[in-house]
Amino acid sequence: MKRQLPWIITGIFALWFLSTLRTPRPSTFRLDEFAELPVVFNGRHQPVDSLARNSLVQIRDRYTVHDAGENRSLGATEWLAEVMMKPELADDRRAFRIDHPDLISLLKLPRVDTSRGEDGKHYSWNQISPGFKEIEDQARRVLETKRDESKRDAFDRALLKLRNALTLYLRLKNTVHPQDTTNFVAELAAFESILPTGVAAVRDQQNGQPYDTNAFNELLGLASRYNVTVEMAPPLVIPPHPPERGRDAWSRMGESLMVHVRGEPLPPAVGHWARIATAFRTGDVPGFNAAITDYRRSLGGGLEKELLKGQRETFFNRMAPFYSALIIYVAAFLFAIFYWFNFAEWSRRTAFGLIGLAFIIHTTGLIYRMVLEGRPPVTNLYSSAIFIGWGAVLLGMILERFWRNAIGLVVAASLGFVTLIIAHNLALDGDTMVMLQAVLDTNFWLATHVVIVTLGYASTYVAGFLAIVYILRGVLTRGLDEATGRALARMVYGIICFATLFSFIGTVLGGIWADQSWGRFWGWDPKENGALIIVLWNALLLHARWGGLVRERGLMALTVGGNIVTSWSWFGTNMLGIGLHSYGFMSGAALALGLF
């Protein structure tokens, strides 16, 4: 039975992952099809599902909203549908997370009522809206007096985060139509009927001739409403018509209506969205589903690529491969640790099987992202965490094939889990597939310099965690015998050689890239300095070993220092907020980095 146990346990986890791939049961409203509709936001094509998830996680730090009335959780797509098409219902949902007690006091938010499922951290738009002026005044003070982010305290950061969340929410509310619209189909009909006489009245008024004041004022009122939505810069939901105008020529709803005033034909998508919004708002299920079907059919006339991408990305969001891999890495770590306590071979084999399964899922997610983006695996800070974890797990599995002592498994599972946790927290900032800046938007160098130098990061981390295993086993257990110590030293030495090679080549390739992009090979940029420090540290470690300055224990101590150096290069240089490598800047992580 014990010989079959690893296969059984690994199979159970595999079935659990496969169960996440099943298509959700159709709801009354076909929100699963609505989720796949393409829009443009943050400079990239994405489905409504991604827009909903990325927006909600910025506002709430979660992908669901609790519905206290029905005692259930709303998915991100359903929440966004309410925000865009039935905002008075969304305005009463506790979607905004506020943690800082001083900010709660400043806004005079109501006390917690646990009987209604309140937790004291989440508040609704209606509860926060009376304090809008105070938020704006305080935010203006912070932005004017504390331009340097390092001078902002926890209250300042919480205030600006809430202000950004409220701004994003307003943009979403005005995506399909002005937020106070009650029947967009009727409003569009009124707009079309008044347009000829209204335009004539405007022309007469400009020429100093008598004009129809009623038609003039009515058209001016509608135009001002649509212009306000344009100024809020909501997502672009109107595809180019005809598609031959260019796949990137998407526009906002308000822009399409304003252009229509000047004589341009109204894109068919405007009517489709009006039907979708009105049917959802009035609870017309057949009308909503029919409108979704008709709009999807209309996209088939030249925009099949965007619709297909929306379907694939929605499936990827539902699959959540990195979350599933994270859970399996934890289980594998526990089985590997259990092996150290009882040396049961079935436990080690189970850990190896689970890590293999998690690695396959991890790899699938990595490749799927590459196909969706049409990019190499590392394009931003989030994807670097995913890729570093992938490389570390691969190295750990290779070590375990040579030394069957579960050390490689513990390192693989630990680094796989830690890097995916880091990636999860980075995802809280919003869209993880956002496009890079133009100077970095080069597939060749992304596929060479960035990938190679990131593999250098991953291998340095693997060596550092092997050294931590050496220290912990030596201090906390009696399991560090002479043979195990020598094995760990050989592992660390081999990985450091690998890390030095990849870090050096990656740094040189980065210099060549910099020479082509900025006209100089080296400029002592913080990110460049960080890469150089990793190379120098690994070279120092190898020379200390070759020269006999350190033995096993000294080697391990220096290798742990490599974790510090690599973490500074990966995250610390970004926190400085300076330099030409202006992607991936982040604040608020100084405490976590210092603790690490």
# chains A, B, ... in the order shown; residues from 1 in each chain; ligands from 1

call {"tool": "select_by_dssp", "arguments": {"residues": "segment 275-502 of chain A", "states": "helix (DSSP H, G or I)", "output": "ChimeraX atom specification"}}
result
/A:275-282,285-299,304-319,321-342,345-373,381-402,407-427,438-440,443-476,482-502

call {"tool": "residues_around", "arguments": {"residues": "segment 453-459 of chain A", "least_positions_apart": "2", "cutoff": "7 Å", "atoms": "only C-alpha atoms", "output": "PyMOL selection string"}}
result
chain A and resi 384+388-389+391-392+449-451+461-463+495+499+502-503+506-507+566

call {"tool": "closest_residue", "arguments": {"among": "A:Ile496, A:Ile505, A:Ala325, A:Leu357", "to": "Thr419 of chain A", "atoms": "only C-alpha atoms"}}
result
A:Ala325

call {"tool": "residues_around", "arguments": {"residues": "segment 538-550 of chain A", "least_positions_apart": "5", "cutoff": "7 Å", "atoms": "only C-alpha atoms", "output": "number ranges by chain"}}
result
A: 496, 500, 555, 558

call {"tool": "write_last_selection", "arguments": {"atoms": "N, CA, C and O atoms", "output": "mmCIF file, in the first residue's frame"}}
result
data_model
loop_
_atom_site.group_PDB
_atom_site.id
_atom_site.type_symbol
_atom_site.label_atom_id
_atom_site.label_comp_id
_atom_site.auth_asym_id
_atom_site.auth_seq_id
_atom_site.Cartn_x
_atom_site.Cartn_y
_atom_site.Cartn_z
ATOM 1 N N ILE A 496 26.347 27.792 -6.974
ATOM 2 C CA ILE A 496 26.996 29.104 -7.020
ATOM 3 C C ILE A 496 27.779 29.273 -8.330
ATOM 4 O O ILE A 496 27.792 30.362 -8.927
ATOM 5 N N THR A 500 26.915 32.286 -10.775
ATOM 6 C CA THR A 500 27.917 33.270 -11.195
ATOM 7 C C THR A 500 27.929 33.418 -12.713
ATOM 8 O O THR A 500 27.971 34.532 -13.251
ATOM 9 N N LEU A 555 31.438 28.787 4.028
ATOM 10 C CA LEU A 555 30.780 28.810 2.727
ATOM 11 C C LEU A 555 29.280 29.047 2.890
ATOM 12 O O LEU A 555 28.673 29.846 2.161
ATOM 13 N N LEU A 558 28.482 32.730 3.964
ATOM 14 C CA LEU A 558 28.574 33.651 2.834
ATOM 15 C C LEU A 558 27.415 33.459 1.862
ATOM 16 O O LEU A 558 26.906 34.423 1.274
#

call {"tool": "residues_around", "arguments": {"residues": "Gly562 of chain A", "least_positions_apart": "3", "cutoff": "7 Å", "atoms": "only C-alpha atoms", "output": "list in words"}}
result
Thr460, Gly464, Trp537, Leu558, Thr559, Val565 and Thr566 of chain A

call {"tool": "write_last_selection", "arguments": {"atoms": "C-alpha atoms", "output": "PDB file, in the first residue's frame"}}
result
ATOM      1  CA  THR A 460      21.547  32.374  -6.048  1.00  0.00           C
ATOM      2  CA  GLY A 464      21.106  30.568  -0.138  1.00  0.00           C
ATOM      3  CA  TRP A 537      29.403  38.504  -4.241  1.00  0.00           C
ATOM      4  CA  LEU A 558      28.574  33.651   2.834  1.00  0.00           C
ATOM      5  CA  THR A 559      25.911  31.942   0.742  1.00  0.00           C
ATOM      6  CA  VAL A 565      22.365  40.765  -1.962  1.00  0.00           C
ATOM      7  CA  THR A 566      19.888  39.250  -4.422  1.00  0.00           C
TER       8      THR A 566
END

call {"tool": "closest_residue", "arguments": {"among": "A:Thr278, A:Ser383, A:Thr477, A:Gln58", "to": "Met84 of chain A", "atoms": "only C-alpha atoms"}}
result
A:Thr278

call {"tool": "closest_residue", "arguments": {"among": "A:Gln127, A:Ser567, A:Ser251, A:Gln516", "to": "Gly43 of chain A", "atoms": "only C-alpha atoms"}}
result
A:Ser251

call {"tool": "closest_residue", "arguments": {"among": "A:Phe444, A:Trp79, A:Phe184, A:Phe335", "to": "Pro377 of chain A", "atoms": "only C-alpha atoms"}}
result
A:Phe444

call {"tool": "residues_around", "arguments": {"residues": "Leu74 of chain A", "least_positions_apart": "5", "cutoff": "9 Å", "atoms": "only C-alpha atoms", "output": "PyMOL selection string"}}
result
chain A and resi 63-67+79

call {"tool": "residues_around", "arguments": {"residues": "Ser569 of chain A", "least_positions_apart": "6", "cutoff": "9 Å", "atoms": "only C-alpha atoms", "output": "list in words"}}
result
Tyr457, Pro526, Lys527, Glu528, Asn529, Gly530, Ala531, Leu532, Ile533 and Ile534 of chain A

call {"tool": "atom_distance", "arguments": {"atom1": "atom CA of Asp49 of chain A", "atom2": "atom CA of Ile422 of chain A"}}
result
22.9 Å

call {"tool": "select_by_dssp", "arguments": {"residues": "segment 35-259 of chain A", "states": "strand (DSSP E)", "output": "PyMOL selection string"}}
result
chain A and resi 38-41+44-47+64-67+72-75+96-97+122-123

call {"tool": "write_last_selection", "arguments": {"atoms": "N, CA and C atoms", "output": "mmCIF file, in the first residue's frame"}}
result
data_model
loop_
_atom_site.group_PDB
_atom_site.id
_atom_site.type_symbol
_atom_site.label_atom_id
_atom_site.label_comp_id
_atom_site.auth_asym_id
_atom_site.auth_seq_id
_atom_site.Cartn_x
_atom_site.Cartn_y
_atom_site.Cartn_z
ATOM 1 N N PRO A 38 -14.373 41.646 -24.946
ATOM 2 C CA PRO A 38 -13.106 42.390 -24.927
ATOM 3 C C PRO A 38 -13.309 43.881 -24.657
ATOM 4 N N VAL A 39 -12.399 44.458 -23.892
ATOM 5 C CA VAL A 39 -12.323 45.901 -23.670
ATOM 6 C C VAL A 39 -10.845 46.274 -23.704
ATOM 7 N N VAL A 40 -10.561 47.565 -23.653
ATOM 8 C CA VAL A 40 -9.177 48.035 -23.603
ATOM 9 C C VAL A 40 -9.011 48.910 -22.369
ATOM 10 N N PHE A 41 -8.018 48.568 -21.545
ATOM 11 C CA PHE A 41 -7.737 49.349 -20.339
ATOM 12 C C PHE A 41 -6.269 49.167 -19.986
ATOM 13 N N ARG A 44 -3.945 47.802 -22.889
ATOM 14 C CA ARG A 44 -3.955 46.463 -23.471
ATOM 15 C C ARG A 44 -5.374 45.938 -23.605
ATOM 16 N N HIS A 45 -5.563 45.036 -24.581
ATOM 17 C CA HIS A 45 -6.835 44.350 -24.744
ATOM 18 C C HIS A 45 -6.975 43.314 -23.637
ATOM 19 N N GLN A 46 -8.134 43.268 -23.023
ATOM 20 C CA GLN A 46 -8.389 42.300 -21.957
ATOM 21 C C GLN A 46 -9.883 42.042 -21.880
ATOM 22 N N PRO A 47 -10.285 40.903 -21.328
ATOM 23 C CA PRO A 47 -11.723 40.637 -21.181
ATOM 24 C C PRO A 47 -12.302 41.403 -20.000
ATOM 25 N N THR A 64 -13.617 38.850 -4.575
ATOM 26 C CA THR A 64 -15.059 38.684 -4.353
ATOM 27 C C THR A 64 -15.563 39.785 -3.423
ATOM 28 N N VAL A 65 -16.879 40.001 -3.444
ATOM 29 C CA VAL A 65 -17.538 40.947 -2.541
ATOM 30 C C VAL A 65 -18.654 40.207 -1.828
ATOM 31 N N HIS A 66 -18.750 40.414 -0.515
ATOM 32 C CA HIS A 66 -19.789 39.719 0.252
ATOM 33 C C HIS A 66 -21.128 40.431 0.093
ATOM 34 N N ASP A 67 -22.159 39.654 -0.196
ATOM 35 C CA ASP A 67 -23.523 40.160 -0.285
ATOM 36 C C ASP A 67 -24.230 39.793 1.014
ATOM 37 N N ARG A 72 -24.019 35.636 0.457
ATOM 38 C CA ARG A 72 -23.221 34.946 -0.533
ATOM 39 C C ARG A 72 -22.111 35.871 -1.018
ATOM 40 N N SER A 73 -21.189 35.318 -1.773
ATOM 41 C CA SER A 73 -20.095 36.105 -2.323
ATOM 42 C C SER A 73 -20.352 36.377 -3.797
ATOM 43 N N LEU A 74 -20.209 37.623 -4.180
ATOM 44 C CA LEU A 74 -20.331 38.003 -5.583
ATOM 45 C C LEU A 74 -18.967 37.884 -6.242
ATOM 46 N N GLY A 75 -18.930 37.265 -7.415
ATOM 47 C CA GLY A 75 -17.703 37.238 -8.180
ATOM 48 C C GLY A 75 -17.382 38.613 -8.733
ATOM 49 N N PHE A 96 -14.920 48.709 -0.392
ATOM 50 C CA PHE A 96 -13.690 49.463 -0.155
ATOM 51 C C PHE A 96 -13.051 49.055 1.162
ATOM 52 N N ARG A 97 -11.793 48.633 1.082
ATOM 53 C CA ARG A 97 -11.078 48.222 2.291
ATOM 54 C C ARG A 97 -10.339 49.425 2.872
ATOM 55 N N HIS A 122 -14.202 46.990 5.766
ATOM 56 C CA HIS A 122 -14.782 47.209 4.442
ATOM 57 C C HIS A 122 -16.004 48.106 4.543
ATOM 58 N N TYR A 123 -16.043 49.107 3.659
ATOM 59 C CA TYR A 123 -17.107 50.102 3.681
ATOM 60 C C TYR A 123 -17.625 50.330 2.265
#

call {"tool": "residues_around", "arguments": {"residues": "Ala14 of chain A", "least_positions_apart": "4", "cutoff": "9 Å", "atoms": "only C-alpha atoms", "output": "list of chain:residue names"}}
result
A:Ile9, A:Thr10, A:Leu18, A:Ser19, A:Leu354, A:Leu357, A:Ala358

call {"tool": "write_last_selection", "arguments": {"atoms": "C-alpha atoms", "output": "tab-separated table (two decimals), in the first residue's frame"}}
result
chain	number	residue	atom	x	y	z
A	9	ILE	CA	-1.96	11.41	-3.03
A	10	THR	CA	-0.53	13.05	-6.15
A	18	LEU	CA	-8.57	19.62	-12.88
A	19	SER	CA	-11.83	20.34	-11.07
A	354	LEU	CA	3.60	16.69	-5.61
A	357	LEU	CA	2.70	18.13	-10.31
A	358	ALA	CA	3.02	21.71	-9.01

call {"tool": "closest_residue", "arguments": {"among": "A:Val237, A:Leu109, A:Ile276, A:Lys146", "to": "Phe29 of chain A", "atoms": "only C-alpha atoms"}}
result
A:Ile276

call {"tool": "atom_distance", "arguments": {"atom1": "atom CA of Gly374 of chain A", "atom2": "atom CA of Leu326 of chain A"}}
result
24.8 Å

call {"tool": "closest_residue", "arguments": {"among": "A:Leu395, A:Ala223, A:Cys497, A:Leu103", "to": "Leu159 of chain A", "atoms": "only C-alpha atoms"}}
result
A:Leu103
